[in-house]
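Since the structure comes first, as structure tokens, the remarks are kept for the end.
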Amino acid sequence: MTEALTLALVGLLMALAVWTLVARDTFAAVSGFVPYGLLLTLAWLQLRAVDVAMTEAAIGAGLTGVLLIAAAARLRPTEAPAWAERPGLPTRVLAAIVSAAVAAGIGACVLLLPDPAPTLAPAVAQNIASTGVGNPITAVLMSFRAMDTLLEAVVLLLGLIGVWSLAPDRAWGGRPGPAPTEDPNSILGYLARVLPPIGIVVGVYILWVGADLPGGKFQGATVLAAMWLLVMMAGISDAPAVDRTWVRLALAGGPAVFIAIGLLGAGVAGAFLGYPEGLAKPLIVVVEAALLPSLAVTLALLLTGPPRRKDGDT
Amino acid sequence: MNTPTLLGLCAAVLVGLGLYGLIVSPHPLRKIMAFNVMGNGIFLVCAVIARRGAGAGMGGDPVPQALLITALVVAFAASALAVALVLRLFEETGSTSLSAQAAGPQPAAAEGEV
């Protein structure tokens with residue numbers, strides 16, 4: 001029974017992947033990409049990676065979907081000229097051969113994986129008590145491999161700096177996106193008033209429960225970012241100007257707290273990002289609580305794009 | 001064939017499809033989507049490896065699983081930056097062409113002015 005389901009899932013995934021690649025209309029391709037991302041969450045669930053499934057649903061399908069839909073809508077005029085630039089048959093055949101060879105190589109590796117598989121699960125189980133958290137993924141992210149998580153938060157911030165640096169000079173310090181226009185009777189405006197209170201509770205709950213059950217700051221932050229984006233898209237509030245002090249503080253606050261606690265560990269526990277004995281759980285909670293708003297603001301602003309207009313511009 | 005192996009082979013096909021789309025699609029936005037499909041395949045292989053490392057009461061090896069969360073978030077940041085680059089290219093030139101011919105005349109004209 002499970003195998004029939006997996007086979008159906010694999011078939012749908014591949015069909016949607018082919019669709020996103022061959023559909024002539026980019027908008028149609030993106031509408032295949034979003035359900036493809038949601039189906040991938042089922043694949044993660046079948047592989048017992050619940051935390052990854054939540055991240056995929058929130059970021060892989062959700063935020064990436066919004067990003068692609070917005071871009072596809074703006075780039076509509078460029079589609080016909082791009083289609084004319086399609087490479088010739090020899091290039092396509094060569095590309096197909098190379099891609100098939102790479103796929104075959106990876107497939108062979110999957111079939112030849114060592115048995116029994118190497119695993120760090122017992123090591124995590126042995127040491128998880130020292131972190132005070134119950135979710136092994138959170139223990140890895142916040143303690144055993146905290147450096148990766150810190151660098152990831154910094155990468156997000158660098159990504160946003162990269163996006164902002166694409167602003168035209170005259171718009172620097174201004175606001176991203178088009179000026180808000182609110183239609184008071186629209187269903188979007190209604191949802192943007194009703195959903196955020198619920199979404200904020202859900203987002204904070206996902207962060208809190210992540211200590212012991214699947215969940216965590218990335219998934220929670222994505223829900224918060226989605227709520228803010230909804231309010232901005234409905235035109236109820238404007239995107240903030242990128243030179244606002246509170247924006248800068250919100251962006252840098254989480255990583256700064258993370259680095260400060262890491263330095264504290266260097267002094268007290270003998271290693272950068274080491275936690276003093278008995279204080280691991282409270283420090284992890286402090287770092288996660290500090291990262292949540294930073295990640296939410298960073299993710300939302302990555303989607304709204306570089307600043308495009310100053311106050312007073314038309 | 002068991003579920004992880006089946007999904008592992010699916011992942012291999014996704015990487016192949018993504019790579020093909022990345023090479024062949026002329027539109028940069030389609031290249032970004034193909035790149036994401038390729039990335040999904042790679043992540044899926046990692047998740048299969050994590051699932052095979054199940055033990056100590058856990059459904060999978062939590063270390064690769066945690067790294068996958070990091071990977072998904074970083075992939076989104078990279079996609080957002082790539083999309084922003086394409087949109088800026090479109091605003092500046094009115095086209096998103098990546099071909100050498102389309103970009104060729106502009107630097108030549110700039111040289112002529114100097």
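Chain identifiers are assigned as A, B, and so on, following the order in which chains appear in the structure tokens; residues are numbered from 1 within each chain, and ligands are numbered from 1 in order of appearance.
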Report the closest atom pair, with its distance in Å rounded to one decimal, for each residue of chain B that has an atom no farther than 7 Å from chain A; count only C-alpha atoms, sort by chain and then rising residue number, and write it as a Markdown table.
| residue | atom | partner | partner_atom | distance |
| --- | --- | --- | --- | --- |
| B:Thr3 | CA | A:Glu3 | CA | 6.5 |
| B:Pro4 | CA | A:Leu47 | CA | 6.7 |
| B:Thr5 | CA | A:Val110 | CA | 6.8 |
| B:Leu7 | CA | A:Val10 | CA | 6.9 |
| B:Gly8 | CA | A:Val110 | CA | 5.9 |
| B:Leu9 | CA | A:Gly107 | CA | 5.2 |
| B:Cys10 | CA | A:Val10 | CA | 6.1 |
| B:Ala12 | CA | A:Ala103 | CA | 4.7 |
| B:Val13 | CA | A:Ala103 | CA | 5.4 |
| B:Leu14 | CA | A:Met14 | CA | 6.9 |
| B:Val15 | CA | A:Ala103 | CA | 6.2 |
| B:Gly16 | CA | A:Ser99 | CA | 4.5 |
| B:Leu17 | CA | A:Ser99 | CA | 6.9 |
| B:Leu19 | CA | A:Ser99 | CA | 5.8 |
| B:Tyr20 | CA | A:Ser99 | CA | 5.5 |
| B:Gly21 | CA | A:Leu21 | CA | 5.8 |
| B:Ile23 | CA | A:Ala95 | CA | 6.6 |
| B:Val24 | CA | A:Arg92 | CA | 6.3 |
| B:Ser25 | CA | A:Arg86 | CA | 6.7 |
| B:Pro26 | CA | A:Arg86 | CA | 5.5 |
| B:His27 | CA | A:Ala82 | CA | 5.4 |
| B:Ala34 | CA | A:Leu21 | CA | 6.6 |
| B:Val37 | CA | A:Ala17 | CA | 6.9 |
| B:Ala47 | CA | A:Leu47 | CA | 6.7 |
| B:Val48 | CA | A:Leu47 | CA | 6.6 |
| B:Arg51 | CA | A:Leu47 | CA | 5.6 |
| B:Arg52 | CA | A:Ala117 | CA | 5.9 |
| B:Gly53 | CA | A:Thr119 | CA | 4.6 |
| B:Ala54 | CA | A:Ala121 | CA | 6.8 |
| B:Gly55 | CA | A:Ala121 | CA | 5.8 |
| B:Ala56 | CA | A:Pro122 | CA | 5.2 |
| B:Met58 | CA | A:Ala121 | CA | 7.0 |
| B:Gly59 | CA | A:Arg48 | CA | 5.4 |
| B:Gly60 | CA | A:Arg48 | CA | 6.4 |
| B:Asp61 | CA | A:Ala121 | CA | 4.9 |
| B:Pro62 | CA | A:Ile137 | CA | 5.4 |
| B:Val63 | CA | A:Val140 | CA | 6.1 |
| B:Gln65 | CA | A:Ala49 | CA | 6.6 |
| B:Ala66 | CA | A:Ile137 | CA | 5.3 |
| B:Leu68 | CA | A:Val52 | CA | 6.7 |
| B:Ile69 | CA | A:Val52 | CA | 5.6 |
| B:Thr70 | CA | A:Glu152 | CA | 6.4 |
| B:Leu72 | CA | A:Gly60 | CA | 6.7 |
| B:Val73 | CA | A:Ile59 | CA | 6.9 |
| B:Val74 | CA | A:Glu152 | CA | 6.7 |
| B:Phe76 | CA | A:Thr64 | CA | 6.3 |
| B:Ala77 | CA | A:Gly159 | CA | 5.7 |
| B:Ala78 | CA | A:Gly159 | CA | 6.8 |
| B:Ala80 | CA | A:Leu302 | CA | 6.2 |
| B:Leu81 | CA | A:Val163 | CA | 5.4 |
| B:Val83 | CA | A:Ala71 | CA | 7.0 |
| B:Ala84 | CA | A:Val163 | CA | 6.0 |
| B:Arg88 | CA | A:Leu166 | CA | 6.8 |
| B:Ser95 | CA | A:Thr78 | CA | 5.9 |
| B:Thr96 | CA | A:Thr78 | CA | 6.4 |
| B:Ser97 | CA | A:Ala82 | CA | 6.4 |
*Would you list the contacts of range 230-243 of chain A as a list of chain:residue names, taking every protein, DNA or RNA residue within 8 Å and counting only C-alpha atoms, but skipping same-chain residues closer than 5 positions in sequence?*
A:Trp172, A:Gly173, A:Gly174, A:Arg175, A:Pro176, A:Gly177, A:Ala179, A:Pro180, A:Thr181, A:Glu182, A:Asp183, A:Leu188, A:Gly189, A:Ala192, A:Arg193, A:Pro196, A:Arg248, A:Thr304, A:Pro307
*asked:* Let's see if you can do this: from backbone DSSP, list all alpha helix (DSSP H) residues in range 36-84 of chain B, as a PyMOL selection string.
replied: chain B and resi 36-52+62-84
Selection file, C-alpha atoms, as an mmCIF file, in the first residue's frame:
data_model
loop_
_atom_site.group_PDB
_atom_site.id
_atom_site.type_symbol
_atom_site.label_atom_id
_atom_site.label_comp_id
_atom_site.auth_asym_id
_atom_site.auth_seq_id
_atom_site.Cartn_x
_atom_site.Cartn_y
_atom_site.Cartn_z
ATOM 1 C CA ASN B 36 15.529 24.784 -7.951
ATOM 2 C CA VAL B 37 14.344 21.444 -9.389
ATOM 3 C CA MET B 38 17.980 20.290 -9.510
ATOM 4 C CA GLY B 39 18.470 21.461 -5.915
ATOM 5 C CA ASN B 40 15.326 19.586 -4.801
ATOM 6 C CA GLY B 41 16.783 16.406 -6.283
ATOM 7 C CA ILE B 42 20.048 16.872 -4.397
ATOM 8 C CA PHE B 43 18.179 17.595 -1.143
ATOM 9 C CA LEU B 44 16.043 14.505 -1.697
ATOM 10 C CA VAL B 45 19.176 12.334 -2.042
ATOM 11 C CA CYS B 46 20.408 13.774 1.274
ATOM 12 C CA ALA B 47 17.040 12.987 2.897
ATOM 13 C CA VAL B 48 17.230 9.414 1.579
ATOM 14 C CA ILE B 49 20.695 9.067 3.109
ATOM 15 C CA ALA B 50 19.336 10.521 6.371
ATOM 16 C CA ARG B 51 16.419 8.054 6.338
ATOM 17 C CA ARG B 52 18.792 5.135 5.861
ATOM 18 C CA PRO B 62 19.027 14.177 12.470
ATOM 19 C CA VAL B 63 22.343 15.735 11.367
ATOM 20 C CA PRO B 64 21.717 15.649 7.580
ATOM 21 C CA GLN B 65 18.058 16.505 8.238
ATOM 22 C CA ALA B 66 19.046 19.644 10.135
ATOM 23 C CA LEU B 67 21.502 20.582 7.386
ATOM 24 C CA LEU B 68 18.664 20.166 4.872
ATOM 25 C CA ILE B 69 16.653 22.859 6.656
ATOM 26 C CA THR B 70 19.674 25.145 6.362
ATOM 27 C CA ALA B 71 20.000 24.194 2.687
ATOM 28 C CA LEU B 72 16.349 24.992 1.897
ATOM 29 C CA VAL B 73 16.591 28.432 3.505
ATOM 30 C CA VAL B 74 19.863 29.264 1.746
ATOM 31 C CA ALA B 75 18.418 28.052 -1.593
ATOM 32 C CA PHE B 76 15.533 30.491 -1.114
ATOM 33 C CA ALA B 77 17.927 33.366 -0.395
ATOM 34 C CA ALA B 78 19.921 32.506 -3.533
ATOM 35 C CA SER B 79 16.734 32.331 -5.643
ATOM 36 C CA ALA B 80 15.551 35.701 -4.301
ATOM 37 C CA LEU B 81 18.892 37.286 -5.209
ATOM 38 C CA ALA B 82 18.824 35.678 -8.666
ATOM 39 C CA VAL B 83 15.271 36.889 -9.336
ATOM 40 C CA ALA B 84 16.226 40.404 -8.203
#
_Contacts of range 282-285 of chain A within 8 Å, only C-alpha atoms, excl. fewer than 3 positions in-chain, as a ChimeraX atom specification_ = /A:142-143,261,275,279,288-289
Tell me, as a PDB file with N, CA and C atoms, in the first residue's frame, which residues lie within 8 Å of Ala211 in chain A, counting only C-alpha atoms; anything in the same chain fewer than 3 positions away does not count.
ATOM      1  N   VAL A 133      17.032  20.265  25.078  1.00  0.00           N
ATOM      2  CA  VAL A 133      15.887  20.256  24.163  1.00  0.00           C
ATOM      3  C   VAL A 133      15.553  18.818  23.793  1.00  0.00           C
ATOM      4  N   GLY A 134      14.296  18.591  23.378  1.00  0.00           N
ATOM      5  CA  GLY A 134      13.849  17.236  23.085  1.00  0.00           C
ATOM      6  C   GLY A 134      13.845  16.906  21.604  1.00  0.00           C
ATOM      7  N   ASN A 135      13.822  17.931  20.739  1.00  0.00           N
ATOM      8  CA  ASN A 135      13.796  17.694  19.293  1.00  0.00           C
ATOM      9  C   ASN A 135      15.235  17.571  18.785  1.00  0.00           C
ATOM     10  N   THR A 138      16.460  20.305  16.445  1.00  0.00           N
ATOM     11  CA  THR A 138      16.777  21.575  17.107  1.00  0.00           C
ATOM     12  C   THR A 138      18.114  21.467  17.840  1.00  0.00           C
ATOM     13  N   LEU A 207       7.634  28.149  16.758  1.00  0.00           N
ATOM     14  CA  LEU A 207       8.958  28.386  17.336  1.00  0.00           C
ATOM     15  C   LEU A 207       9.068  27.694  18.688  1.00  0.00           C
ATOM     16  N   TRP A 208       8.055  27.905  19.547  1.00  0.00           N
ATOM     17  CA  TRP A 208       8.128  27.415  20.921  1.00  0.00           C
ATOM     18  C   TRP A 208       8.129  25.898  20.973  1.00  0.00           C
ATOM     19  N   PRO A 214       8.588  18.631  16.199  1.00  0.00           N
ATOM     20  CA  PRO A 214       8.923  19.278  14.923  1.00  0.00           C
ATOM     21  C   PRO A 214       8.454  20.732  14.876  1.00  0.00           C
ATOM     22  N   GLY A 215       9.314  21.586  14.365  1.00  0.00           N
ATOM     23  CA  GLY A 215       9.010  23.017  14.306  1.00  0.00           C
ATOM     24  C   GLY A 215      10.297  23.761  14.556  1.00  0.00           C
ATOM     25  N   GLY A 216      10.224  25.078  14.652  1.00  0.00           N
ATOM     26  CA  GLY A 216      11.446  25.828  14.930  1.00  0.00           C
ATOM     27  C   GLY A 216      11.352  27.221  14.371  1.00  0.00           C
TER      28      GLY A 216
END
